[in-house]
>>> print(open('input-v7.cif').read())   # mmCIF, C-alpha atoms
data_query
#
loop_
_atom_site.label_atom_id
_atom_site.label_comp_id
_atom_site.auth_asym_id
_atom_site.auth_seq_id
_atom_site.Cartn_x
_atom_site.Cartn_y
_atom_site.Cartn_z
CA MET H 20 -7.40 -54.87 256.04
CA LYS H 21 -8.87 -55.09 259.53
CA LYS H 22 -7.07 -51.95 260.56
CA ILE H 23 -8.75 -49.89 257.82
CA LYS H 24 -11.77 -48.14 259.33
CA SER H 25 -13.03 -46.59 256.09
CA VAL H 26 -12.30 -48.11 252.66
CA GLY H 27 -13.68 -44.99 250.91
CA ALA H 28 -11.21 -42.68 252.71
CA PHE H 29 -8.40 -45.18 251.99
CA ILE H 30 -9.09 -45.22 248.23
CA CYS H 31 -9.59 -41.44 248.19
CA GLY H 32 -6.20 -40.99 249.89
CA LEU H 33 -4.50 -43.28 247.39
CA VAL H 34 -6.02 -41.36 244.46
CA PHE H 35 -4.88 -38.02 245.90
CA MET H 36 -1.38 -39.38 246.46
CA ILE H 37 -1.14 -40.67 242.89
CA VAL H 38 -2.39 -37.33 241.47
CA GLY H 39 0.16 -35.49 243.68
CA VAL H 40 3.02 -37.72 242.54
CA ILE H 41 2.02 -37.20 238.88
CA MET H 42 2.10 -33.43 239.52
CA LEU H 43 5.54 -33.79 241.07
CA PHE H 44 6.86 -35.59 238.00
CA TRP H 45 5.29 -33.01 235.66
CA ARG H 46 8.27 -30.72 236.09
CA ASP H 47 8.89 -27.35 234.54
CA TYR H 48 11.48 -24.61 234.99
CA GLY H 49 11.00 -21.19 236.58
CA THR H 50 8.40 -19.97 239.02
CA GLN H 51 5.58 -21.96 237.41
CA GLY H 52 7.56 -25.18 237.86
CA ALA H 53 8.40 -24.40 241.49
CA LEU H 54 4.77 -23.57 242.25
CA ARG H 55 3.59 -26.77 240.56
CA THR H 56 6.07 -28.80 242.60
CA LEU H 57 4.82 -27.20 245.83
CA LEU H 58 1.21 -27.81 244.78
CA GLY H 59 2.14 -31.45 244.09
CA ILE H 60 3.56 -31.76 247.61
CA GLU H 61 0.34 -30.31 249.03
CA VAL H 62 -1.84 -32.75 247.08
CA VAL H 63 0.36 -35.63 248.32
CA LEU H 64 -0.07 -34.27 251.87
CA VAL H 65 -3.85 -34.27 251.46
CA GLY H 66 -3.62 -37.86 250.20
CA VAL H 67 -1.45 -38.90 253.15
CA SER H 68 -3.90 -37.30 255.59
CA GLN H 69 -6.82 -39.15 253.96
CA LEU H 70 -4.90 -42.42 253.99
CA LEU H 71 -3.91 -41.99 257.63
CA GLY H 72 -7.47 -40.97 258.48
CA SER H 73 -8.79 -44.23 257.08
CA PHE H 74 -6.83 -46.05 259.83
CA SER H 75 -8.20 -43.85 262.60
CA TYR H 76 -11.57 -44.51 264.23
CA GLU H 77 -11.82 -40.90 265.41
CA ALA H 78 -11.19 -39.49 261.94
CA VAL H 79 -13.92 -41.47 260.18
CA ASN H 80 -16.45 -41.79 263.00
CA ASN H 81 -19.90 -40.37 262.30
CA ASP H 82 -20.57 -38.26 265.41
CA LYS H 83 -24.33 -38.17 264.76
CA LYS H 84 -24.57 -41.95 264.88
CA HIS H 85 -21.96 -42.56 267.58
CA PRO H 86 -21.53 -39.46 269.78
CA PRO H 87 -17.95 -39.12 271.10
CA ASP H 88 -17.34 -40.36 274.66
CA GLU H 89 -14.89 -38.98 277.26
CA ARG H 90 -11.94 -40.86 275.76
CA SER H 91 -12.71 -39.67 272.23
CA ILE H 92 -12.94 -36.07 273.37
CA ASP H 93 -9.63 -36.43 275.21
CA ILE H 94 -7.90 -38.00 272.18
CA ARG H 95 -9.19 -35.28 269.85
CA MET H 96 -8.14 -32.52 272.22
CA ARG H 97 -4.65 -33.97 272.61
CA ALA H 98 -4.28 -34.49 268.84
CA LYS H 99 -5.26 -30.90 268.09
CA ALA H 100 -3.09 -29.40 270.83
CA TRP H 101 -0.02 -31.44 269.85
CA SER H 102 -0.53 -30.78 266.16
CA PHE H 103 -0.69 -27.03 266.77
CA ASP H 104 2.45 -27.10 268.93
CA ILE H 105 4.46 -29.19 266.45
CA VAL H 106 3.47 -27.01 263.48
CA THR H 107 4.41 -23.89 265.48
CA TRP H 108 7.87 -25.35 266.07
CA ILE H 109 8.28 -26.30 262.42
CA MET H 110 7.22 -22.83 261.31
CA MET H 111 9.67 -21.20 263.71
CA ILE H 112 12.56 -23.26 262.39
CA VAL H 113 11.85 -23.23 258.62
CA PRO H 114 12.60 -19.56 257.68
CA PRO H 115 16.06 -19.43 259.36
CA LEU H 116 16.94 -22.80 257.80
CA VAL H 117 15.86 -21.61 254.35
CA GLY H 118 17.97 -18.49 254.82
CA MET H 119 20.95 -20.41 256.22
CA PHE H 120 21.16 -22.74 253.23
CA ASP H 121 20.41 -20.02 250.66
CA ALA H 122 17.62 -22.24 249.29
CA VAL H 123 15.65 -19.38 247.71
CA ASP H 124 16.42 -15.85 246.51
CA SER H 125 16.24 -13.04 249.06
CA GLY H 126 12.94 -11.62 247.71
CA THR H 127 11.09 -14.93 248.07
CA HIS H 128 12.77 -15.51 251.44
CA ALA H 129 11.52 -12.15 252.68
CA ILE H 130 7.95 -12.95 251.54
CA VAL H 131 8.06 -16.39 253.21
CA MET H 132 9.48 -14.84 256.42
CA VAL H 133 6.78 -12.17 256.56
CA ALA H 134 4.02 -14.71 255.81
CA VAL H 135 5.19 -17.38 258.26
CA TYR H 136 6.06 -15.05 261.14
CA GLY H 137 2.88 -13.08 260.47
CA ILE H 138 0.76 -16.20 261.03
CA LEU H 139 2.91 -17.17 264.02
CA SER H 140 2.69 -13.83 265.78
CA VAL H 141 -1.10 -13.68 265.39
CA ALA H 142 -1.43 -17.30 266.53
CA LEU H 143 0.78 -16.83 269.59
CA LEU H 144 -1.05 -13.64 270.52
CA ILE H 145 -4.41 -15.44 270.40
CA LYS H 146 -2.88 -18.36 272.33
CA ALA H 147 -1.71 -16.04 275.10
CA ALA H 148 -5.17 -14.44 275.28
CA LEU H 149 -6.81 -17.88 275.40
CA LEU H 150 -4.46 -19.03 278.17
CA ILE H 151 -5.43 -16.03 280.29
CA PHE H 152 -9.11 -16.63 279.53
CA TYR H 153 -9.00 -20.33 280.50
CA GLU H 154 -6.87 -19.67 283.58
CA ARG H 155 -9.54 -17.31 284.86
CA ASN H 156 -12.53 -19.41 283.88
CA LEU H 157 -11.56 -23.04 284.48
CA MET N 28 27.23 -31.93 290.26
CA LYS N 29 24.14 -34.13 289.86
CA LEU N 30 21.77 -33.96 286.92
CA TYR N 31 18.06 -33.73 287.88
CA ASN N 32 16.29 -32.78 284.66
CA LYS N 33 17.48 -34.68 281.56
CA LYS N 34 14.79 -33.23 279.28
CA GLY N 35 15.60 -29.69 280.40
CA LEU N 36 19.31 -30.28 279.82
CA LEU N 37 18.73 -31.66 276.31
CA LEU N 38 16.49 -28.71 275.39
CA GLY N 39 18.98 -26.28 276.87
CA LEU N 40 21.83 -27.88 274.92
CA PHE N 41 19.78 -27.74 271.71
CA TRP N 42 19.10 -24.00 272.10
CA PHE N 43 22.72 -23.46 273.13
CA LEU N 44 23.91 -25.07 269.89
CA VAL N 45 21.45 -23.02 267.82
CA GLY N 46 22.54 -19.81 269.59
CA VAL N 47 26.28 -20.51 269.26
CA SER N 48 26.08 -21.55 265.59
CA GLY N 49 23.90 -18.51 264.81
CA LEU N 50 26.35 -16.17 266.54
CA ILE N 51 29.36 -17.72 264.80
CA LEU N 52 27.58 -17.46 261.43
CA GLU N 53 26.73 -13.82 262.10
CA LEU N 54 30.31 -12.98 263.03
CA VAL N 55 31.98 -14.99 260.23
CA LYS N 56 29.50 -14.19 257.45
CA PRO N 57 27.87 -10.83 258.25
CA GLY N 58 25.23 -9.53 255.84
CA ASN N 59 25.24 -6.16 254.08
CA ASN N 60 22.59 -4.64 256.32
CA MET N 61 24.11 -3.38 259.59
CA ALA N 62 20.75 -3.09 261.39
CA VAL N 63 19.86 -6.73 260.60
CA HIS N 64 23.37 -7.79 261.68
CA ILE N 65 23.01 -6.09 265.08
CA ARG N 66 19.46 -7.41 265.55
CA ASP N 67 20.56 -10.99 264.84
CA ILE N 68 23.52 -10.73 267.25
CA VAL N 69 21.18 -9.45 270.00
CA LEU N 70 18.61 -12.20 269.32
CA PHE N 71 21.19 -15.02 269.27
CA SER N 72 22.82 -13.66 272.44
CA LEU N 73 19.42 -13.68 274.18
CA LEU N 74 18.87 -17.26 272.99
CA LEU N 75 22.28 -18.20 274.36
CA LEU N 76 21.48 -16.66 277.77
CA PHE N 77 18.11 -18.44 277.85
CA SER N 78 19.74 -21.79 277.04
CA ILE N 79 22.42 -21.33 279.72
CA ARG N 80 19.66 -20.58 282.26
CA GLN N 81 17.88 -23.80 281.24
CA ILE N 82 21.08 -25.86 281.50
CA VAL N 83 21.85 -24.47 284.96
CA ARG N 84 18.26 -25.18 286.12
CA ALA N 85 18.65 -28.82 285.02
CA PHE N 86 21.34 -29.24 287.70
CA SER N 87 19.32 -27.60 290.48
CA GLN N 88 17.12 -29.87 292.61
CA THR N 89 14.79 -27.08 293.77
CA ALA N 90 14.31 -25.65 290.28
CA THR N 91 13.67 -29.12 288.83
CA ARG N 92 11.10 -29.84 291.57
CA GLU N 93 9.36 -26.54 290.81
CA ASP N 94 9.29 -27.38 287.09
CA MET N 95 7.94 -30.89 287.76
CA VAL N 96 5.17 -29.69 290.08
CA GLU N 97 4.20 -27.08 287.52
CA GLU N 98 4.28 -29.62 284.70
CA ARG N 99 2.32 -32.35 286.50
CA ASP N 100 -0.44 -30.12 287.85
CA GLU N 101 -3.74 -31.49 286.44
CA ARG N 102 -5.34 -28.08 286.02
CA ASN N 103 -2.30 -26.65 284.21
CA ARG N 104 -2.23 -29.62 281.87
CA PHE N 105 -5.93 -29.32 281.11
CA ILE N 106 -5.62 -25.57 280.43
CA LYS N 107 -2.67 -26.21 278.09
CA LEU N 108 -4.58 -28.91 276.19
CA LYS N 109 -7.74 -26.84 275.98
CA THR N 110 -5.80 -23.79 274.73
CA GLY N 111 -3.92 -25.88 272.18
CA SER N 112 -7.03 -27.51 270.80
CA THR N 113 -8.89 -24.17 270.57
CA MET N 114 -5.86 -22.64 268.85
CA PHE N 115 -5.91 -25.46 266.34
CA LYS N 116 -9.49 -24.56 265.41
CA VAL N 117 -8.67 -20.84 265.24
CA ALA N 118 -5.58 -21.49 263.08
CA GLU N 119 -7.63 -23.76 260.82
CA ALA N 120 -10.24 -21.03 260.24
CA LEU N 121 -7.62 -18.29 259.75
CA LEU N 122 -5.57 -20.34 257.31
CA LEU N 123 -8.66 -21.30 255.34
CA LEU N 124 -9.66 -17.63 255.13
CA TRP N 125 -6.14 -16.72 254.07
CA THR N 126 -6.14 -19.40 251.35
CA ILE N 127 -9.50 -18.24 249.97
CA GLY N 128 -8.43 -14.56 250.21
CA SER N 129 -5.20 -15.28 248.34
CA MET N 130 -7.11 -17.17 245.65
CA ILE N 131 -9.46 -14.22 245.19
CA GLY N 132 -6.45 -11.88 245.15
CA TYR N 133 -4.81 -13.95 242.44
CA GLY N 134 -8.07 -13.99 240.45
CA PHE N 135 -8.14 -10.17 240.42
CA THR N 136 -4.45 -9.33 240.00
CA HIS N 137 -2.78 -12.45 238.47
CA ASP N 138 0.25 -11.64 240.64
CA GLU N 139 2.33 -14.69 241.62
CA MET N 140 2.74 -13.34 245.16
CA TRP N 141 -0.85 -14.41 245.88
CA VAL N 142 -0.02 -17.96 244.76
CA MET N 143 2.78 -17.90 247.32
CA GLY N 144 0.17 -16.98 249.95
CA VAL N 145 -2.04 -19.90 248.90
CA ILE N 146 0.90 -22.29 249.08
CA VAL N 147 2.22 -21.15 252.48
CA ALA N 148 -1.26 -21.25 254.05
CA GLY N 149 -2.21 -24.50 252.30
CA PHE N 150 1.03 -26.21 253.30
CA THR N 151 0.59 -25.21 256.94
CA LEU N 152 -3.02 -26.37 256.89
CA GLY N 153 -1.97 -29.72 255.39
CA LEU N 154 0.74 -30.16 258.03
CA LEU N 155 -1.76 -29.39 260.81
CA PHE N 156 -4.14 -32.10 259.57
CA VAL N 157 -1.47 -34.76 258.97
CA ILE N 158 0.14 -34.26 262.39
CA GLU N 159 -3.29 -34.22 264.07
CA LEU N 160 -4.02 -37.62 262.50
CA PHE N 161 -0.63 -39.03 263.50
CA VAL N 162 -1.07 -37.94 267.11
CA GLY N 163 -4.71 -39.15 267.12
CA ILE N 164 -3.71 -42.61 265.90
CA HIS N 165 -0.89 -42.68 268.47
CA TYR N 166 -3.29 -41.97 271.37
CA GLU N 167 -5.94 -44.35 269.97
CA ASN N 168 -3.44 -47.21 269.95
CA LYS N 169 -2.01 -46.22 273.32
CA GLY N 170 -5.29 -47.24 274.94
#
>>> encode(input="input-v7.cif", output="structure tokens")
Amino acid sequence: MKKIKSVGAFICGLVFMIVGVIMLFWRDYGTQGALRTLLGIEVVLVGVSQLLGSFSYEAVNNDKKHPPDERSIDIRMRAKAWSFDIVTWIMMIVPPLVGMFDAVDSGTHAIVMVAVYGILSVALLIKAALLIFYERNL
Amino acid sequence: MKLYNKKGLLLGLFWFLVGVSGLILELVKPGNNMAVHIRDIVLFSLLLLFSIRQIVRAFSQTATREDMVEERDERNRFIKLKTGSTMFKVAEALLLLWTIGSMIGYGFTHDEMWVMGVIVAGFTLGLLFVIELFVGIHYENKG
């Protein structure tokens, strides 16, 4: 219990996870069923993030009461940068894997490819521009 | 031959495996579209060349030293972190806008394609938050 920094966030996370699991068990066939399953996974993800957040001082800290110090700023910056990099890698790998294992029909695969690589290309373009900006200004 | 950069070698081997398996798959099981087939062969060949370059660099002392100096430079590291963290915020805003836009689109058209948009953007957003928390907790505990 000592490790929990916010009981409210902990309970909230548990509730979200339970709701997500219920949605996952509430199965149906066809597109509606697949969408509901994906929505269930997303609700579980929100629950997991809340639950994890309740263990993190940085996630539940009230910045107005306790302004972040040098270490906090560094931790937050690292967490954001790493998170962005890891998600970029996952997004790069997912569409070819989905295609390789024939997990979805070609129409859906094409939509997922366009959506995922669309986000990625915009993100990488902005990243390149930011790198140039910071290299010149820092 | 002496190995100087283990991480570089592992990464190079990983990309080499991806490139080789992709090329084999393209040659053994080609799709119906010739243009896509040629594009994939070109892309996997480029990946293969890139991986070979990385593997060769792992065995070169000068190249490894160059990579290390580049990697350990304080300013470079700070710029990378700063760019990454700003990108996180930009991605967060863009994905949120996309999710809301897709929801509005679905409200007007009732087309399931918009739901797909909500799910892809929402899933990515969720992943971003969960991984951010994991990494945050890791660095908090690290001291």
>>> interface_residues(input="input-v7.cif", of="chain H", to="chain N", cutoff="6 Å", atoms="only C-alpha atoms", output="PyMOL selection string")
chain H and resi 61+68+75+96+98-100+102-103
>>> atom_distance(input="input-v7.cif", atom1="CA of Leu58 (chain H)", atom2="CA of Val79 (chain H)")
25.5 Å
>>> atom_distance(input="input-v7.cif", atom1="CA of Cys31 (chain H)", atom2="CA of Leu70 (chain H)")
7.5 Å
>>> resolve_selection(input="input-v7.cif", expression="the PyMOL selection byres ((chain H and resi 22) around 12)", output="count of residues only")
16
>>> resolve_selection(input="input-v7.cif", expression="the PyMOL selection byres ((chain N and resi 36) around 12)", output="JSON, numbers by chain")
{"N": [29, 30, 31, 32, 33, 34, 35, 37, 38, 39, 40, 41, 42, 43, 78, 79, 80, 81, 82, 83, 84, 85, 86, 87, 91]}
>>> decode(input="input-v7.cif", residues="region 31-169 of chain N", atoms="C-alpha atoms", output="PDB file, in the first residue's frame")
ATOM      1  CA  TYR N  31      33.651  -3.458 -31.065  1.00  0.00           C
ATOM      2  CA  ASN N  32      29.948  -2.621 -31.060  1.00  0.00           C
ATOM      3  CA  LYS N  33      27.687  -5.390 -29.712  1.00  0.00           C
ATOM      4  CA  LYS N  34      24.517  -3.255 -29.819  1.00  0.00           C
ATOM      5  CA  GLY N  35      25.209  -2.235 -33.412  1.00  0.00           C
ATOM      6  CA  LEU N  36      25.809  -5.850 -34.404  1.00  0.00           C
ATOM      7  CA  LEU N  37      22.566  -7.033 -32.778  1.00  0.00           C
ATOM      8  CA  LEU N  38      20.562  -4.266 -34.478  1.00  0.00           C
ATOM      9  CA  GLY N  39      22.246  -5.004 -37.782  1.00  0.00           C
ATOM     10  CA  LEU N  40      21.482  -8.719 -37.444  1.00  0.00           C
ATOM     11  CA  PHE N  41      17.848  -7.947 -36.590  1.00  0.00           C
ATOM     12  CA  TRP N  42      17.391  -5.799 -39.713  1.00  0.00           C
ATOM     13  CA  PHE N  43      19.293  -8.373 -41.759  1.00  0.00           C
ATOM     14  CA  LEU N  44      16.847 -11.090 -40.664  1.00  0.00           C
ATOM     15  CA  VAL N  45      13.847  -8.857 -41.418  1.00  0.00           C
ATOM     16  CA  GLY N  46      15.276  -7.992 -44.858  1.00  0.00           C
ATOM     17  CA  VAL N  47      16.141 -11.595 -45.769  1.00  0.00           C
ATOM     18  CA  SER N  48      12.801 -13.022 -44.596  1.00  0.00           C
ATOM     19  CA  GLY N  49      10.925 -10.233 -46.416  1.00  0.00           C
ATOM     20  CA  LEU N  50      12.849 -10.878 -49.636  1.00  0.00           C
ATOM     21  CA  ILE N  51      12.325 -14.643 -49.412  1.00  0.00           C
ATOM     22  CA  LEU N  52       8.601 -14.114 -48.774  1.00  0.00           C
ATOM     23  CA  GLU N  53       8.364 -11.764 -51.753  1.00  0.00           C
ATOM     24  CA  LEU N  54      10.113 -14.235 -54.044  1.00  0.00           C
ATOM     25  CA  VAL N  55       8.291 -17.360 -52.806  1.00  0.00           C
ATOM     26  CA  LYS N  56       4.828 -15.824 -52.392  1.00  0.00           C
ATOM     27  CA  PRO N  57       4.550 -12.871 -54.792  1.00  0.00           C
ATOM     28  CA  GLY N  58       1.301 -10.881 -54.771  1.00  0.00           C
ATOM     29  CA  ASN N  59      -0.927 -10.172 -57.774  1.00  0.00           C
ATOM     30  CA  ASN N  60       0.173  -6.568 -58.126  1.00  0.00           C
ATOM     31  CA  MET N  61       3.474  -6.329 -60.039  1.00  0.00           C
ATOM     32  CA  ALA N  62       4.180  -2.725 -58.974  1.00  0.00           C
ATOM     33  CA  VAL N  63       3.800  -3.606 -55.263  1.00  0.00           C
ATOM     34  CA  HIS N  64       5.989  -6.693 -55.803  1.00  0.00           C
ATOM     35  CA  ILE N  65       8.807  -4.619 -57.336  1.00  0.00           C
ATOM     36  CA  ARG N  66       8.469  -1.898 -54.672  1.00  0.00           C
ATOM     37  CA  ASP N  67       8.733  -4.459 -51.852  1.00  0.00           C
ATOM     38  CA  ILE N  68      11.790  -6.122 -53.414  1.00  0.00           C
ATOM     39  CA  VAL N  69      13.508  -2.714 -53.715  1.00  0.00           C
ATOM     40  CA  LEU N  70      12.611  -1.766 -50.119  1.00  0.00           C
ATOM     41  CA  PHE N  71      13.771  -5.090 -48.633  1.00  0.00           C
ATOM     42  CA  SER N  72      16.994  -4.939 -50.674  1.00  0.00           C
ATOM     43  CA  LEU N  73      17.681  -1.440 -49.298  1.00  0.00           C
ATOM     44  CA  LEU N  74      17.011  -2.728 -45.776  1.00  0.00           C
ATOM     45  CA  LEU N  75      19.429  -5.586 -46.402  1.00  0.00           C
ATOM     46  CA  LEU N  76      22.156  -3.185 -47.598  1.00  0.00           C
ATOM     47  CA  PHE N  77      21.584  -0.926 -44.572  1.00  0.00           C
ATOM     48  CA  SER N  78      21.858  -3.887 -42.185  1.00  0.00           C
ATOM     49  CA  ILE N  79      25.063  -5.145 -43.827  1.00  0.00           C
ATOM     50  CA  ARG N  80      26.557  -1.645 -43.451  1.00  0.00           C
ATOM     51  CA  GLN N  81      25.638  -1.674 -39.748  1.00  0.00           C
ATOM     52  CA  ILE N  82      27.135  -5.144 -39.218  1.00  0.00           C
ATOM     53  CA  VAL N  83      30.383  -4.135 -40.943  1.00  0.00           C
ATOM     54  CA  ARG N  84      30.587  -0.931 -38.842  1.00  0.00           C
ATOM     55  CA  ALA N  85      30.278  -3.017 -35.657  1.00  0.00           C
ATOM     56  CA  PHE N  86      33.645  -4.625 -36.502  1.00  0.00           C
ATOM     57  CA  SER N  87      35.417  -1.337 -37.253  1.00  0.00           C
ATOM     58  CA  GLN N  88      37.187   0.388 -34.360  1.00  0.00           C
ATOM     59  CA  THR N  89      37.150   3.850 -35.965  1.00  0.00           C
ATOM     60  CA  ALA N  90      33.470   3.667 -36.930  1.00  0.00           C
ATOM     61  CA  THR N  91      32.512   2.418 -33.458  1.00  0.00           C
ATOM     62  CA  ARG N  92      34.502   5.255 -31.832  1.00  0.00           C
ATOM     63  CA  GLU N  93      32.730   7.777 -34.078  1.00  0.00           C
ATOM     64  CA  ASP N  94      29.340   6.291 -33.143  1.00  0.00           C
ATOM     65  CA  MET N  95      30.188   6.333 -29.415  1.00  0.00           C
ATOM     66  CA  VAL N  96      31.394   9.951 -29.438  1.00  0.00           C
ATOM     67  CA  GLU N  97      28.255  10.950 -31.303  1.00  0.00           C
ATOM     68  CA  GLU N  98      26.050   8.973 -28.920  1.00  0.00           C
ATOM     69  CA  ARG N  99      27.662  10.220 -25.694  1.00  0.00           C
ATOM     70  CA  ASP N 100      27.771  13.894 -26.623  1.00  0.00           C
ATOM     71  CA  GLU N 101      25.748  15.760 -23.942  1.00  0.00           C
ATOM     72  CA  ARG N 102      24.316  18.308 -26.356  1.00  0.00           C
ATOM     73  CA  ASN N 103      23.223  15.641 -28.850  1.00  0.00           C
ATOM     74  CA  ARG N 104      21.537  13.667 -26.094  1.00  0.00           C
ATOM     75  CA  PHE N 105      19.724  16.729 -24.790  1.00  0.00           C
ATOM     76  CA  ILE N 106      18.529  17.673 -28.293  1.00  0.00           C
ATOM     77  CA  LYS N 107      17.264  14.121 -28.849  1.00  0.00           C
ATOM     78  CA  LEU N 108      15.391  14.108 -25.531  1.00  0.00           C
ATOM     79  CA  LYS N 109      13.950  17.569 -26.084  1.00  0.00           C
ATOM     80  CA  THR N 110      12.798  16.653 -29.616  1.00  0.00           C
ATOM     81  CA  GLY N 111      11.278  13.384 -28.399  1.00  0.00           C
ATOM     82  CA  SER N 112       9.373  15.003 -25.571  1.00  0.00           C
ATOM     83  CA  THR N 113       8.063  17.805 -27.815  1.00  0.00           C
ATOM     84  CA  MET N 114       7.037  15.211 -30.403  1.00  0.00           C
ATOM     85  CA  PHE N 115       5.130  13.349 -27.722  1.00  0.00           C
ATOM     86  CA  LYS N 116       3.087  16.485 -27.008  1.00  0.00           C
ATOM     87  CA  VAL N 117       2.520  17.146 -30.725  1.00  0.00           C
ATOM     88  CA  ALA N 118       1.472  13.522 -31.333  1.00  0.00           C
ATOM     89  CA  GLU N 119      -0.851  13.676 -28.330  1.00  0.00           C
ATOM     90  CA  ALA N 120      -2.608  16.787 -29.697  1.00  0.00           C
ATOM     91  CA  LEU N 121      -2.799  15.421 -33.262  1.00  0.00           C
ATOM     92  CA  LEU N 122      -4.169  12.057 -32.159  1.00  0.00           C
ATOM     93  CA  LEU N 123      -6.742  13.715 -29.927  1.00  0.00           C
ATOM     94  CA  LEU N 124      -7.853  15.918 -32.827  1.00  0.00           C
ATOM     95  CA  TRP N 125      -8.012  12.874 -35.077  1.00  0.00           C
ATOM     96  CA  THR N 126     -10.117  10.964 -32.546  1.00  0.00           C
ATOM     97  CA  ILE N 127     -12.566  13.851 -32.144  1.00  0.00           C
ATOM     98  CA  GLY N 128     -12.669  14.417 -35.933  1.00  0.00           C
ATOM     99  CA  SER N 129     -13.396  10.736 -36.554  1.00  0.00           C
ATOM    100  CA  MET N 130     -16.149  10.778 -33.939  1.00  0.00           C
ATOM    101  CA  ILE N 131     -17.752  13.792 -35.615  1.00  0.00           C
ATOM    102  CA  GLY N 132     -17.342  12.074 -38.999  1.00  0.00           C
ATOM    103  CA  TYR N 133     -19.087   8.975 -37.697  1.00  0.00           C
ATOM    104  CA  GLY N 134     -21.873  11.124 -36.223  1.00  0.00           C
ATOM    105  CA  PHE N 135     -22.573  12.635 -39.657  1.00  0.00           C
ATOM    106  CA  THR N 136     -22.077   9.635 -41.945  1.00  0.00           C
ATOM    107  CA  HIS N 137     -22.518   6.498 -39.751  1.00  0.00           C
ATOM    108  CA  ASP N 138     -19.744   4.906 -41.840  1.00  0.00           C
ATOM    109  CA  GLU N 139     -17.709   2.258 -39.977  1.00  0.00           C
ATOM    110  CA  MET N 140     -14.487   3.578 -41.512  1.00  0.00           C
ATOM    111  CA  TRP N 141     -14.639   6.508 -39.070  1.00  0.00           C
ATOM    112  CA  VAL N 142     -14.851   4.070 -36.147  1.00  0.00           C
ATOM    113  CA  MET N 143     -11.658   2.513 -37.471  1.00  0.00           C
ATOM    114  CA  GLY N 144     -10.070   5.976 -37.325  1.00  0.00           C
ATOM    115  CA  VAL N 145     -11.184   6.419 -33.703  1.00  0.00           C
ATOM    116  CA  ILE N 146      -9.778   3.024 -32.773  1.00  0.00           C
ATOM    117  CA  VAL N 147      -6.389   3.436 -34.492  1.00  0.00           C
ATOM    118  CA  ALA N 148      -5.874   6.920 -33.005  1.00  0.00           C
ATOM    119  CA  GLY N 149      -7.237   5.926 -29.585  1.00  0.00           C
ATOM    120  CA  PHE N 150      -5.089   2.801 -29.427  1.00  0.00           C
ATOM    121  CA  THR N 151      -1.947   4.754 -30.301  1.00  0.00           C
ATOM    122  CA  LEU N 152      -2.816   7.411 -27.729  1.00  0.00           C
ATOM    123  CA  GLY N 153      -3.363   4.725 -25.076  1.00  0.00           C
ATOM    124  CA  LEU N 154      -0.028   3.086 -25.910  1.00  0.00           C
ATOM    125  CA  LEU N 155       1.754   6.449 -25.671  1.00  0.00           C
ATOM    126  CA  PHE N 156       0.371   7.062 -22.164  1.00  0.00           C
ATOM    127  CA  VAL N 157       1.018   3.542 -20.848  1.00  0.00           C
ATOM    128  CA  ILE N 158       4.614   3.463 -22.101  1.00  0.00           C
ATOM    129  CA  GLU N 159       5.227   6.988 -20.774  1.00  0.00           C
ATOM    130  CA  LEU N 160       4.117   5.810 -17.325  1.00  0.00           C
ATOM    131  CA  PHE N 161       6.253   2.664 -17.494  1.00  0.00           C
ATOM    132  CA  VAL N 162       9.350   4.647 -18.445  1.00  0.00           C
ATOM    133  CA  GLY N 163       8.536   7.331 -15.828  1.00  0.00           C
ATOM    134  CA  ILE N 164       8.258   4.741 -13.052  1.00  0.00           C
ATOM    135  CA  HIS N 165      11.498   3.118 -14.271  1.00  0.00           C
ATOM    136  CA  TYR N 166      13.436   6.412 -14.031  1.00  0.00           C
ATOM    137  CA  GLU N 167      11.777   7.332 -10.700  1.00  0.00           C
ATOM    138  CA  ASN N 168      12.947   4.070  -9.156  1.00  0.00           C
ATOM    139  CA  LYS N 169      16.361   4.319 -10.779  1.00  0.00           C
TER     140      LYS N 169
END
